[in-house]
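Quick look at final.pdb (PDB, C-alpha atoms):
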ATOM      1  CA  MET A   1       0.000   0.000   0.000
ATOM      2  CA  ASN A   2       1.504   3.331  -1.089
ATOM      3  CA  ILE A   3      -0.898   5.926   0.315
ATOM      4  CA  SER A   4      -3.565   6.062   3.009
ATOM      5  CA  VAL A   5      -5.792   9.132   2.655
ATOM      6  CA  ILE A   6      -7.296   9.923   6.062
ATOM      7  CA  LEU A   7     -10.113  12.312   6.915
ATOM      8  CA  SER A   8     -12.539  12.925   9.757
ATOM      9  CA  THR A   9     -16.066  14.213   9.218
ATOM     10  CA  CYS A  10     -18.784  15.482  11.543
ATOM     11  CA  ASN A  11     -22.377  16.159  10.481
ATOM     12  CA  ARG A  12     -21.543  17.576   7.040
ATOM     13  CA  PRO A  13     -22.827  14.961   4.564
ATOM     14  CA  ASP A  14     -23.435  17.411   1.703
ATOM     15  CA  ILE A  15     -19.948  18.884   1.949
ATOM     16  CA  LEU A  16     -18.418  15.432   2.340
ATOM     17  CA  SER A  17     -20.219  14.259  -0.786
ATOM     18  CA  ARG A  18     -18.572  16.985  -2.881
ATOM     19  CA  THR A  19     -15.198  15.988  -1.471
ATOM     20  CA  LEU A  20     -15.695  12.314  -2.249
ATOM     21  CA  ASN A  21     -16.966  13.140  -5.720
ATOM     22  CA  SER A  22     -13.714  14.985  -6.472
ATOM     23  CA  LEU A  23     -11.738  11.898  -5.443
ATOM     24  CA  LEU A  24     -13.455   9.907  -8.193
ATOM     25  CA  TYR A  25     -11.439  11.861 -10.754
ATOM     26  CA  LEU A  26      -8.009  11.387  -9.190
ATOM     27  CA  LYS A  27      -5.276  10.194 -11.512
ATOM     28  CA  THR A  28      -3.392   7.622  -9.489
ATOM     29  CA  GLU A  29      -1.537   5.760 -12.277
ATOM     30  CA  ASN A  30       0.130   2.774 -10.563
ATOM     31  CA  LEU A  31      -0.421   3.970  -7.001
ATOM     32  CA  VAL A  32      -2.044   1.580  -4.562
ATOM     33  CA  TRP A  33      -4.099   3.678  -2.158
ATOM     34  CA  GLU A  34      -6.917   3.555   0.347
ATOM     35  CA  LEU A  35      -9.321   6.092   1.833
ATOM     36  CA  LEU A  36     -10.079   5.995   5.562
ATOM     37  CA  ILE A  37     -13.128   8.022   6.647
ATOM     38  CA  VAL A  38     -13.931   8.497  10.327
ATOM     39  CA  ASP A  39     -17.415   9.689  11.275
ATOM     40  CA  ASN A  40     -17.122  11.655  14.521
ATOM     41  CA  ALA A  41     -20.889  12.040  14.919
ATOM     42  CA  ASP A  42     -22.289   8.558  14.129
ATOM     43  CA  ASP A  43     -24.606  10.314  11.686
ATOM     44  CA  ILE A  44     -26.974   8.258   9.522
ATOM     45  CA  ASP A  45     -26.881  10.755   6.622
ATOM     46  CA  THR A  46     -23.080  10.649   6.604
ATOM     47  CA  GLN A  47     -23.210   6.861   6.479
ATOM     48  CA  LYS A  48     -25.589   7.023   3.512
ATOM     49  CA  VAL A  49     -23.198   9.324   1.629
ATOM     50  CA  VAL A  50     -20.229   7.069   2.340
ATOM     51  CA  ASN A  51     -22.158   3.968   1.312
ATOM     52  CA  SER A  52     -22.970   5.569  -2.036
ATOM     53  CA  TYR A  53     -19.221   5.682  -2.793
ATOM     54  CA  ARG A  54     -18.227   2.267  -1.437
ATOM     55  CA  HIS A  55     -18.006   0.636  -4.852
ATOM     56  CA  ARG A  56     -16.341   3.630  -6.515
ATOM     57  CA  LEU A  57     -13.560   4.452  -4.044
ATOM     58  CA  PRO A  58     -11.160   2.195  -2.085
ATOM     59  CA  LEU A  59     -12.642   3.351   1.201
ATOM     60  CA  ARG A  60     -12.828   2.007   4.721
ATOM     61  CA  PHE A  61     -15.349   3.530   7.115
ATOM     62  CA  PHE A  62     -15.060   3.966  10.885
ATOM     63  CA  VAL A  63     -17.089   5.612  13.639
ATOM     64  CA  GLN A  64     -15.506   7.410  16.592
ATOM     65  CA  ARG A  65     -18.238   8.382  19.061
ATOM     66  CA  LYS A  66     -15.855  10.196  21.397
ATOM     67  CA  PRO A  67     -16.121  13.873  20.388
ATOM     68  CA  GLY A  68     -13.034  15.447  18.891
ATOM     69  CA  LYS A  69     -11.414  15.417  15.487
ATOM     70  CA  ASN A  70      -8.116  14.291  16.967
ATOM     71  CA  HIS A  71      -9.778  11.366  18.721
ATOM     72  CA  ALA A  72     -11.132  10.384  15.295
ATOM     73  CA  LEU A  73      -7.746  10.631  13.577
ATOM     74  CA  ASN A  74      -5.959   8.755  16.356
ATOM     75  CA  LEU A  75      -8.477   5.914  16.014
ATOM     76  CA  VAL A  76      -7.276   4.983  12.531
ATOM     77  CA  LEU A  77      -3.557   5.719  12.778
ATOM     78  CA  PRO A  78      -2.781   2.102  13.798
ATOM     79  CA  LEU A  79      -5.131   0.771  11.103
ATOM     80  CA  ALA A  80      -3.873   2.626   8.027
ATOM     81  CA  LYS A  81      -1.737   0.486   5.700
ATOM     82  CA  GLY A  82      -0.005   3.011   3.427
ATOM     83  CA  ASP A  83       3.645   3.967   3.581
ATOM     84  CA  LEU A  84       2.544   7.611   3.340
ATOM     85  CA  PHE A  85      -0.416   8.963   5.329
ATOM     86  CA  VAL A  86      -2.099  11.856   3.499
ATOM     87  CA  PHE A  87      -4.382  13.838   5.795
ATOM     88  CA  THR A  88      -7.142  16.054   4.504
ATOM     89  CA  ASP A  89     -10.525  17.490   5.527
ATOM     90  CA  ASP A  90     -14.088  16.687   4.538
ATOM     91  CA  ASP A  91     -14.478  20.049   2.772
ATOM     92  CA  ILE A  92     -11.820  19.954   0.060
ATOM     93  CA  ILE A  93     -11.926  19.500  -3.703
ATOM     94  CA  ALA A  94      -8.916  17.494  -4.826
ATOM     95  CA  ASP A  95      -6.927  18.394  -7.912
ATOM     96  CA  LYS A  96      -6.832  15.360 -10.194
ATOM     97  CA  ASN A  97      -3.048  15.020  -9.797
ATOM     98  CA  TRP A  98      -3.051  15.606  -6.024
ATOM     99  CA  LEU A  99      -1.844  12.194  -4.875
ATOM    100  CA  ILE A 100       0.554  11.627  -7.761
ATOM    101  CA  HIS A 101       2.414  14.857  -6.982
ATOM    102  CA  MET A 102       2.406  14.136  -3.251
ATOM    103  CA  TRP A 103       3.844  10.637  -3.795
ATOM    104  CA  GLN A 104       6.416  11.776  -6.351
ATOM    105  CA  GLY A 105       7.435  14.697  -4.147
ATOM    106  CA  ALA A 106       7.955  12.405  -1.169
ATOM    107  CA  GLY A 107      10.137  10.271  -3.418
ATOM    108  CA  ARG A 108      12.326  13.247  -4.284
ATOM    109  CA  TRP A 109      12.964  13.877  -0.575
ATOM    110  CA  PRO A 110      13.738  10.425   0.851
ATOM    111  CA  ALA A 111      15.469  11.871   3.913
ATOM    112  CA  ASN A 112      12.335  13.814   4.946
ATOM    113  CA  ASP A 113       9.126  12.431   6.398
ATOM    114  CA  VAL A 114       6.651  15.355   6.481
ATOM    115  CA  PHE A 115       5.165  17.119   3.451
ATOM    116  CA  GLY A 116       2.692  19.921   2.825
ATOM    117  CA  GLY A 117       0.813  20.812  -0.328
ATOM    118  CA  LYS A 118      -0.901  23.914  -1.696
ATOM    119  CA  ILE A 119      -4.425  24.885  -0.583
ATOM    120  CA  LEU A 120      -6.422  27.276  -2.746
ATOM    121  CA  ALA A 121      -9.966  28.613  -2.379
ATOM    122  CA  ALA A 122     -13.079  27.246  -4.032
ATOM    123  CA  TRP A 123     -15.243  30.349  -3.545
ATOM    124  CA  PRO A 124     -19.047  30.147  -3.700
ATOM    125  CA  ASP A 125     -20.138  30.401  -7.329
ATOM    126  CA  ASN A 126     -16.433  30.832  -8.213
ATOM    127  CA  GLN A 127     -16.690  34.462  -7.092
ATOM    128  CA  ALA A 128     -13.976  35.834  -4.811
ATOM    129  CA  PRO A 129     -15.133  38.193  -2.027
ATOM    130  CA  CYS A 130     -14.966  41.953  -2.393
ATOM    131  CA  TRP A 131     -11.622  42.155  -0.547
ATOM    132  CA  GLY A 132     -10.015  39.928  -3.162
ATOM    133  CA  ASN A 133      -8.699  36.440  -3.733
ATOM    134  CA  HIS A 134      -5.190  37.236  -2.508
ATOM    135  CA  HIS A 135      -5.781  39.254   0.650
ATOM    136  CA  PRO A 136      -3.242  38.187   3.330
ATOM    137  CA  LEU A 137      -5.991  37.477   5.884
ATOM    138  CA  ASN A 138      -7.528  34.851   3.595
ATOM    139  CA  GLN A 139      -4.784  32.450   4.621
ATOM    140  CA  SER A 140      -5.717  32.222   8.284
ATOM    141  CA  ILE A 141      -9.472  32.767   7.937
ATOM    142  CA  PHE A 142     -10.093  30.263   5.150
ATOM    143  CA  GLY A 143      -7.192  27.872   5.650
ATOM    144  CA  LEU A 144      -5.401  28.707   2.402
ATOM    145  CA  HIS A 145      -1.745  27.782   2.040
ATOM    146  CA  ASP A 146       0.766  28.812  -0.611
ATOM    147  CA  PRO A 147       3.847  29.987   1.338
ATOM    148  CA  PHE A 148       6.631  29.510  -1.231
ATOM    149  CA  PRO A 149       6.866  29.812  -5.024
ATOM    150  CA  THR A 150       8.895  26.617  -5.408
ATOM    151  CA  GLU A 151       9.395  23.215  -3.818
ATOM    152  CA  GLN A 152      11.535  23.624  -0.705
ATOM    153  CA  LEU A 153      12.021  22.920   2.972
ATOM    154  CA  TYR A 154       9.979  24.701   5.632
ATOM    155  CA  ASP A 155      13.297  25.411   7.341
ATOM    156  CA  SER A 156      12.885  29.092   8.146
ATOM    157  CA  GLY A 157      10.140  31.400   9.324
ATOM    158  CA  PRO A 158       6.844  30.468  10.956
ATOM    159  CA  PHE A 159       5.430  28.357   8.136
ATOM    160  CA  LEU A 160       4.331  24.739   8.573
ATOM    161  CA  PRO A 161       2.056  22.573   6.407
ATOM    162  CA  TYR A 162      -1.709  22.928   6.812
ATOM    163  CA  GLY A 163      -3.930  20.042   7.870
ATOM    164  CA  PRO A 164      -6.139  19.784   4.757
ATOM    165  CA  ASN A 165      -3.090  18.918   2.625
ATOM    166  CA  LEU A 166      -0.559  17.181   4.854
ATOM    167  CA  ALA A 167       1.415  13.966   4.382
ATOM    168  CA  ILE A 168       3.467  12.108   6.991
ATOM    169  CA  ARG A 169       5.275   8.832   6.518
ATOM    170  CA  LYS A 170       3.807   5.901   8.423
ATOM    171  CA  LYS A 171       7.074   5.253  10.233
ATOM    172  CA  ILE A 172       6.610   8.500  12.182
ATOM    173  CA  PHE A 173       3.419   7.185  13.769
ATOM    174  CA  ASP A 174       5.045   3.801  14.294
ATOM    175  CA  GLN A 175       7.369   5.684  16.659
ATOM    176  CA  GLY A 176       4.387   6.590  18.842
ATOM    177  CA  TYR A 177       3.407  10.068  17.649
ATOM    178  CA  THR A 178      -0.325  10.888  17.824
ATOM    179  CA  TYR A 179      -2.536  13.981  17.645
ATOM    180  CA  ASN A 180      -3.069  15.981  20.834
ATOM    181  CA  THR A 181      -6.693  15.403  21.840
ATOM    182  CA  GLU A 182      -6.782  18.596  23.935
ATOM    183  CA  ILE A 183      -6.703  20.695  20.745
ATOM    184  CA  GLY A 184      -8.991  20.936  17.748
ATOM    185  CA  PRO A 185     -12.728  20.666  16.963
ATOM    186  CA  ASP A 186     -14.644  18.827  19.699
ATOM    187  CA  ASN A 187     -18.312  19.819  19.282
ATOM    188  CA  LYS A 188     -17.834  22.964  21.379
ATOM    189  CA  THR A 189     -18.601  26.467  20.144
ATOM    190  CA  VAL A 190     -15.132  27.656  21.168
ATOM    191  CA  TYR A 191     -12.144  25.362  20.871
ATOM    192  CA  ARG A 192      -8.392  25.560  20.565
ATOM    193  CA  MET A 193      -7.405  25.507  16.894
ATOM    194  CA  GLY A 194      -4.135  24.225  15.504
ATOM    195  CA  SER A 195      -4.143  20.459  16.093
ATOM    196  CA  GLU A 196      -1.974  19.727  13.072
ATOM    197  CA  THR A 197       0.274  22.687  13.897
ATOM    198  CA  GLU A 198       0.856  21.326  17.395
ATOM    199  CA  LEU A 199       1.859  17.923  16.008
ATOM    200  CA  LEU A 200       4.078  19.466  13.333
ATOM    201  CA  ALA A 201       5.750  21.735  15.888
ATOM    202  CA  ARG A 202       6.607  18.686  17.987
ATOM    203  CA  LEU A 203       7.996  16.908  14.952
ATOM    204  CA  LYS A 204      10.051  19.951  13.929
ATOM    205  CA  LYS A 205      11.417  20.275  17.469
ATOM    206  CA  ASN A 206      12.549  16.657  17.250
ATOM    207  CA  GLY A 207      14.337  17.210  13.942
ATOM    208  CA  PHE A 208      11.677  16.279  11.371
ATOM    209  CA  LEU A 209      11.694  19.112   8.816
ATOM    210  CA  SER A 210       8.765  19.473   6.436
ATOM    211  CA  VAL A 211       8.895  19.910   2.655
ATOM    212  CA  TYR A 212       6.522  22.089   0.637
ATOM    213  CA  LEU A 213       5.196  20.472  -2.562
ATOM    214  CA  PRO A 214       3.354  23.208  -4.524
ATOM    215  CA  ASP A 215       2.147  20.898  -7.295
ATOM    216  CA  SER A 216       0.113  18.825  -4.828
ATOM    217  CA  ILE A 217      -3.087  20.898  -4.701
ATOM    218  CA  VAL A 218      -6.467  20.811  -3.004
ATOM    219  CA  TYR A 219      -9.181  23.462  -2.944
ATOM    220  CA  HIS A 220     -10.973  24.453   0.255
ATOM    221  CA  GLN A 221     -14.750  24.643  -0.140
ATOM    222  CA  ILE A 222     -15.705  28.104   1.120
ATOM    223  CA  ARG A 223     -19.383  28.146   2.133
ATOM    224  CA  PRO A 224     -21.524  31.310   1.847
ATOM    225  CA  PHE A 225     -21.971  31.471   5.644
ATOM    226  CA  GLN A 226     -18.213  31.780   6.085
ATOM    227  CA  LEU A 227     -18.294  35.083   4.197
ATOM    228  CA  THR A 228     -21.018  36.621   6.373
ATOM    229  CA  SER A 229     -20.270  38.935   9.297
ATOM    230  CA  GLU A 230     -21.294  36.229  11.759
ATOM    231  CA  GLY A 231     -19.220  33.547  10.050
ATOM    232  CA  LEU A 232     -16.152  35.782   9.951
ATOM    233  CA  ALA A 233     -16.701  36.693  13.608
ATOM    234  CA  TYR A 234     -16.758  33.072  14.715
ATOM    235  CA  ARG A 235     -13.615  32.223  12.769
ATOM    236  CA  ASN A 236     -11.599  35.227  13.899
ATOM    237  CA  PHE A 237     -12.698  34.793  17.507
ATOM    238  CA  ARG A 238     -11.359  31.210  17.441
ATOM    239  CA  ILE A 239      -8.114  32.372  15.824
ATOM    240  CA  GLY A 240      -7.593  34.907  18.603
ATOM    241  CA  TYR A 241      -8.588  32.418  21.280
ATOM    242  CA  SER A 242      -6.082  29.902  19.930
ATOM    243  CA  SER A 243      -3.185  32.338  19.736
ATOM    244  CA  VAL A 244      -2.604  32.655  23.492
ATOM    245  CA  THR A 245      -2.936  30.346  26.475
ATOM    246  CA  PRO A 246      -5.167  31.079  29.495
ATOM    247  CA  ASN A 247      -2.055  31.728  31.602
ATOM    248  CA  ASP A 248      -0.380  34.010  29.069
ATOM    249  CA  TYR A 249      -0.662  37.384  30.833
ATOM    250  CA  PHE A 250       1.219  40.603  30.028
ATOM    251  CA  GLY A 251       1.599  43.716  32.141
ATOM    252  CA  THR A 252      -1.139  45.247  34.272
ATOM    253  CA  LEU A 253      -4.400  43.292  34.442
ATOM    254  CA  ILE A 254      -7.816  44.923  34.195
ATOM    255  CA  GLY A 255     -10.805  42.660  34.637
ATOM    256  CA  GLY A 256      -8.599  39.583  34.405
ATOM    257  CA  CYS A 257      -7.056  40.677  31.112
ATOM    258  CA  SER A 258      -3.992  42.603  30.019
ATOM    259  CA  ARG A 259      -4.488  46.373  29.763
ATOM    260  CA  TYR A 260      -2.883  46.548  26.330
ATOM    261  CA  LEU A 261      -5.544  44.204  24.919
ATOM    262  CA  TRP A 262      -8.351  46.455  26.150
ATOM    263  CA  ARG A 263      -6.562  49.399  24.487
ATOM    264  CA  GLN A 264      -6.204  47.450  21.240
ATOM    265  CA  LEU A 265      -9.881  46.513  21.385
ATOM    266  CA  ILE A 266     -10.977  50.150  21.670
ATOM    267  CA  GLU A 267      -8.631  51.234  18.870
ATOM    268  CA  THR A 268      -9.823  48.476  16.570
ATOM    269  CA  LEU A 269     -13.478  49.180  17.367
ATOM    270  CA  TRP A 270     -12.900  52.773  16.260
ATOM    271  CA  GLN A 271     -11.277  51.539  13.022
ATOM    272  CA  LEU A 272     -14.285  49.293  12.414
ATOM    273  CA  TYR A 273     -16.683  52.188  12.980
ATOM    274  CA  ARG A 274     -14.775  54.429  10.535
ATOM    275  CA  ALA A 275     -14.668  51.689   7.891
ATOM    276  CA  LYS A 276     -18.448  51.198   8.115
ATOM    277  CA  LEU A 277     -19.013  54.949   8.068
ATOM    278  CA  ASN A 278     -16.903  55.271   4.904
ATOM    279  CA  ARG A 279     -18.419  52.121   3.361
ATOM    280  CA  ASN A 280     -14.928  50.759   2.785
ATOM    281  CA  THR A 281     -15.616  47.015   2.611
ATOM    282  CA  THR A 282     -11.965  45.944   2.574
ATOM    283  CA  ALA A 283     -11.089  48.105   5.578
ATOM    284  CA  GLU A 284     -14.211  46.829   7.359
ATOM    285  CA  PHE A 285     -13.178  43.238   6.683
ATOM    286  CA  GLU A 286      -9.707  43.914   8.109
ATOM    287  CA  ALA A 287     -10.933  45.803  11.168
ATOM    288  CA  GLN A 288     -13.583  43.199  11.938
ATOM    289  CA  ALA A 289     -10.989  40.432  11.742
ATOM    290  CA  HIS A 290      -8.675  42.192  14.209
ATOM    291  CA  PHE A 291     -11.564  43.178  16.498
ATOM    292  CA  TYR A 292     -12.783  39.594  16.964
ATOM    293  CA  ARG A 293      -9.269  38.204  17.246
ATOM    294  CA  ILE A 294      -8.608  40.563  20.129
ATOM    295  CA  ARG A 295     -11.886  39.489  21.733
ATOM    296  CA  GLY A 296     -10.727  35.896  21.373
ATOM    297  CA  LYS A 297      -7.445  36.734  23.094
ATOM    298  CA  ILE A 298      -9.322  38.509  25.874
ATOM    299  CA  TYR A 299     -11.459  35.448  26.426
ATOM    300  CA  ALA A 300      -8.371  33.226  26.470
ATOM    301  CA  GLN A 301      -6.850  35.346  29.231
ATOM    302  CA  ARG A 302     -10.082  35.460  31.234
ATOM    303  CA  HIS A 303     -10.879  31.780  30.731
ATOM    304  CA  CYS A 304      -9.591  30.821  34.174
ATOM    305  CA  SER A 305     -12.230  33.096  35.701
ATOM    306  CA  GLY A 306     -14.905  30.587  34.710
ATOM    307  CA  ILE A 307     -16.688  32.635  32.042
ATOM    308  CA  SER A 308     -18.778  30.425  29.746
ATOM    309  CA  PRO A 309     -17.304  30.426  26.223
ATOM    310  CA  ASP A 310     -20.779  30.339  24.694
ATOM    311  CA  SER A 311     -21.883  33.332  26.794
ATOM    312  CA  CYS A 312     -18.704  35.223  25.938
ATOM    313  CA  LEU A 313     -19.068  34.569  22.234
ATOM    314  CA  GLN A 314     -22.725  35.621  22.282
ATOM    315  CA  LYS A 315     -21.752  38.923  23.906
ATOM    316  CA  VAL A 316     -19.114  39.390  21.224
ATOM    317  CA  LEU A 317     -21.628  38.788  18.437
ATOM    318  CA  ASP A 318     -24.072  41.220  20.051
ATOM    319  CA  CYS A 319     -21.437  43.927  19.514
ATOM    320  CA  ASN A 320     -21.453  43.359  15.745
TER     321      ASN A 320
END

Any chance you could put this one into C-alpha cells?
Amino acid sequence: MNISVILSTCNRPDILSRTLNSLLYLKTENLVWELLIVDNADDIDTQKVVNSYRHRLPLRFFVQRKPGKNHALNLVLPLAKGDLFVFTDDDIIADKNWLIHMWQGAGRWPANDVFGGKILAAWPDNQAPCWGNHHPLNQSIFGLHDPFPTEQLYDSGPFLPYGPNLAIRKKIFDQGYTYNTEIGPDNKTVYRMGSETELLARLKKNGFLSVYLPDSIVYHQIRPFQLTSEGLAYRNFRIGYSSVTPNDYFGTLIGGCSRYLWRQLIETLWQLYRAKLNRNTTAEFEAQAHFYRIRGKIYAQRHCSGISPDSCLQKVLDCN
C-alpha cells in the first residue's frame, strides 16, 4: 500500500459528498491507495453518503463516538496500511493530480518524512469576495496555504504545512506520535485551533523538517456562511482564542485581562466604525478580523475566571 488518505467528518454529509466526488477523478496511475473516513458524529446521513461511494472508491469507514477530530484521527492511525499517510478534511476538492504529486514529491525527498501541499480557495459560485482572492488574511481565515513559489524545505520562518493537505510517513506514527486530543474541533462552540500545527511543531522540534510540494493541490470549499459577518466573527474569535494560552498574561491586568488588549480593542473598534461609516468594505473586513481576534485573546486570558465560552461569544456577536 503506497498511500492512506485519512479524513474525519462530523455532520456535514453534503460537503463530504462533494469531497468524495472529487476523489473519483483522481489520476493515481500505478499507485495503490486507500481512503479511511472516520465519522465523529455517528450520523446516519453521513453513512448514507459514504455507502454511495463504497463501490467507486477504495474506502474504509469507521465511527468514533468520542467527540473530537483528533480522537477520530488517532483511532485509525494504527489501522492505516499506506507507507505515506495523506491527511485532509471533509471540505476539500482534490486536484486530479493531487496524490501523484504528493507521492512523487515524497520520493524526491527520501530523507524527509513530512510534506505539505498547496491549498487554494473554491469560492461560492467561483466568485472571490470583495476584498479579493489574494488578501493576506484569507490564509488564516479560510485555511489557504501557498507559502513559497517553489518546492523547498519549511526550514525558516513560521510556516508549517496545513492540515487539509498534509502527508506524513507511516514510520513516524510507528514511533508513537499521535494527535493531541486537547486541541482541535470537539463539538464545542469555542475550541483551541491548531491540532496539526501542534503535532508538526513537535515533529520539527525533534528534527523532522517538512517539505513544501506546490504541485500537490487541493481546494478548500468556502461556504456562503463563512463570508457573512457572523461567520467571519466566529472564525476570527477562534483564531484569537487559539493564539494565546489562558495563563499568558502581560503587564497590568484589568478585569482579568492585560491592559494593552483592552486598548487594542478600543482602537480596533474605532477603526471598524470608521470603515463602516466610509463604506470601505476591505477596511471593514480587516478591522472586523482584528476586532474579533482581540476578543478571542481577551477570552483566552479570562478563561480561568470561569466565564462560559458560549456566553462570551454571544456577547461578542451582540457587539457586531

Resolved residues for the PyMOL selection byres ((chain A and resi 145-162) around 6) as a PDB file with C-alpha atoms, in the frame of the given file:
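Written output follows (selection-v4.pdb):
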ATOM      1  CA  GLY A 116       2.692  19.921   2.825  1.00  0.00           C
ATOM      2  CA  LYS A 118      -0.901  23.914  -1.696  1.00  0.00           C
ATOM      3  CA  ILE A 119      -4.425  24.885  -0.583  1.00  0.00           C
ATOM      4  CA  LEU A 144      -5.401  28.707   2.402  1.00  0.00           C
ATOM      5  CA  GLY A 163      -3.930  20.042   7.870  1.00  0.00           C
ATOM      6  CA  PRO A 164      -6.139  19.784   4.757  1.00  0.00           C
ATOM      7  CA  ASN A 165      -3.090  18.918   2.625  1.00  0.00           C
ATOM      8  CA  SER A 210       8.765  19.473   6.436  1.00  0.00           C
ATOM      9  CA  VAL A 211       8.895  19.910   2.655  1.00  0.00           C
ATOM     10  CA  TYR A 212       6.522  22.089   0.637  1.00  0.00           C
ATOM     11  CA  LEU A 213       5.196  20.472  -2.562  1.00  0.00           C
TER      12      LEU A 213
END

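Counting only C-alpha atoms, range 176-182 of chain A has the following residues at most 8 Å away, ignoring those fewer than 6 positions along the same chain: Gly68, Lys69, Asn70, His71, Leu73, Asn74, Leu77, Arg192, Ser195, Glu196, Glu198 and Leu199 of chain A.
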
Residues near Arg274 in chain A, anyone? I mean within 12 Å using all atoms listed in the file, not counting same-chain ones fewer than 3 positions away, as a PyMOL selection string.
chain A and resi 267-271+277-288

Using the file's own x, y and z axes, so that the box edges lie along x, y and z, what centre and edge lengths in Å (one decimal) does a box around every listed atom of range 86-99 of chain A get when 8 Å is added on each side? Give it as JSON.
{"center_x": -8.2, "center_y": 16.0, "center_z": -2.2, "size_x": 28.6, "size_y": 24.2, "size_z": 32.0}

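If you look at CA of Asp113 in chain A and CA of Asn206 in chain A, they are 12.1 Å away from each other.
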
**Message:** At a cut-off of 12 Å, using only C-alpha atoms, what residues contact Lys48 in chain A? Leave out same-chain residues fewer than 6 positions from it and give the result as a PyMOL selection string.
**Reply:** chain A and resi 11-14+16-17+39+42+54+61

With the PyMOL selection byres ((chain A and resi 120) around 12) as the selection, what would be picked from this file? Answer as a PyMOL selection string, please.
chain A and resi 92-95+117-119+121-123+126+128+133-134+138-139+142-147+162+164-165+214-222
